[in-house]
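J.: Once you've had a glance at the structure underneath, I'll fire off some questions.
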Amino acid sequence: MQDNVEHSPLSPEQAIVVFDAECILCSANAQFLLKHDHGRRFLLAPMQGDYGSALYRKYDIDPTNPETLIVVRGDKLLRNSDAVLAIYTGLGWPWKMAAIAKVLPKFLRDPVYRLIARNRYRLFGKRNTCWLPAPEFQDRML
């Protein structure tokens, strides 16, 4: 596992998704992403790992209490609803249709996202240990 976030292992068209691997909702979304990302556009980094927590710190997010997942592509950071929409639109059809949600302004989308993020453990549960992907997806984890 790499902990130097300045030297990304990505190609220019790839992005890193930093997520909460203890959150049942977040890890279900990570599983969904791996299953449907046929273009291999995304790599995953759990916030509990060295690489993911280093990325959170780089962008001034507390890795022990984040209220957002992030998507990093090059020097571009997406968070909150923009990050979720970037993931689903990056998966191609039919998931790309989620881009229609961009017609809603961020000031409406982001509070809903943050409400769910703040209450994710209460609403969906928390794992005792971090979720790990199936062996065929291990190369997609940082």
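Residues are named by chain letter and number: chains run A, B, ... in the order of the structure tokens, numbers start at 1 in each chain, and ligands are numbered from 1 in the order shown.
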Using DSSP on the backbone coordinates, identify all residues within stretch 26-126 of chain A classified as strand (DSSP E); present the result as JSON, numbers by chain.
T.: {"A": [42, 43, 44, 45, 46, 70, 71, 72, 73, 76, 77, 78, 79]}
J.: Can I get the selection written as a short mmCIF file (atom, residue, chain, number, x, y, z; two decimals), in the first residue's frame, with N, CA, C and O atoms?
T.:
data_model
loop_
_atom_site.label_atom_id
_atom_site.label_comp_id
_atom_site.auth_asym_id
_atom_site.auth_seq_id
_atom_site.Cartn_x
_atom_site.Cartn_y
_atom_site.Cartn_z
N PHE A 42 -11.83 3.77 -11.72
CA PHE A 42 -11.72 4.13 -10.31
C PHE A 42 -10.87 3.13 -9.52
O PHE A 42 -10.96 1.93 -9.74
N LEU A 43 -10.08 3.68 -8.62
CA LEU A 43 -9.40 2.90 -7.60
C LEU A 43 -10.01 3.31 -6.27
O LEU A 43 -10.46 4.45 -6.11
N LEU A 44 -10.01 2.40 -5.31
CA LEU A 44 -10.60 2.68 -4.01
C LEU A 44 -9.53 2.77 -2.93
O LEU A 44 -8.57 1.99 -2.94
N ALA A 45 -9.73 3.70 -2.02
CA ALA A 45 -8.85 3.83 -0.86
C ALA A 45 -9.72 4.02 0.37
O ALA A 45 -10.42 5.02 0.49
N PRO A 46 -9.71 3.04 1.28
CA PRO A 46 -10.49 3.23 2.50
C PRO A 46 -9.89 4.34 3.35
O PRO A 46 -8.67 4.49 3.42
N ILE A 70 -14.63 11.28 -0.97
CA ILE A 70 -14.03 12.17 -1.95
C ILE A 70 -13.62 11.38 -3.18
O ILE A 70 -13.36 10.18 -3.12
N VAL A 71 -13.59 12.09 -4.30
CA VAL A 71 -13.07 11.56 -5.56
C VAL A 71 -11.96 12.51 -5.98
O VAL A 71 -12.16 13.72 -6.05
N VAL A 72 -10.78 11.94 -6.22
CA VAL A 72 -9.62 12.73 -6.61
C VAL A 72 -9.16 12.26 -7.97
O VAL A 72 -8.88 11.08 -8.17
N ARG A 73 -9.09 13.19 -8.91
CA ARG A 73 -8.55 12.92 -10.24
C ARG A 73 -7.51 13.99 -10.51
O ARG A 73 -7.85 15.16 -10.65
N LYS A 76 -7.72 17.57 -9.03
CA LYS A 76 -9.12 17.96 -8.85
C LYS A 76 -9.77 17.12 -7.76
O LYS A 76 -9.68 15.89 -7.77
N LEU A 77 -10.42 17.80 -6.83
CA LEU A 77 -11.11 17.15 -5.72
C LEU A 77 -12.61 17.36 -5.87
O LEU A 77 -13.06 18.48 -6.09
N LEU A 78 -13.35 16.27 -5.73
CA LEU A 78 -14.81 16.35 -5.67
C LEU A 78 -15.25 15.78 -4.34
O LEU A 78 -14.69 14.78 -3.87
N ARG A 79 -16.24 16.40 -3.74
CA ARG A 79 -16.76 15.91 -2.47
C ARG A 79 -18.28 16.03 -2.47
O ARG A 79 -18.86 16.59 -3.38
#
J.: With distances taken over only C-alpha atoms, which of A:Val18, A:His38, A:Leu132, A:Trp93 is nearest to A:Arg57?
T.: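 Of the candidates, the smallest distance to A:Arg57 is held by A:Val18.
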J.: Just give me the gap between atom CA of A:Ala54 and atom CA of A:Ala21 in Å, one decimal is fine.
T.: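 Atom-to-atom, atom CA of A:Ala54 and atom CA of A:Ala21 are spaced 15.2 Å apart.
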J.: So the first atom is atom CA of A:Thr68 and the second is atom CA of A:Asn80; what is the distance between them in Å, to one decimal place?
T.: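 Distance between the two atoms: 5.4 Å.
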J.: Rank A:Glu22, A:Asp50, A:Asp75, A:Glu67 by their smallest atom-to-atom distance to A:Leu142, using only C-alpha atoms, and report the top residue only.
T.: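 That would be A:Asp50, the residue with the smallest distance to A:Leu142.
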J.: Taking into account only C-alpha atoms, which residue in the set A:Met47, A:Ile61, A:Ala30, A:Cys23 is nearest to A:Phe124?
T.: A:Cys23
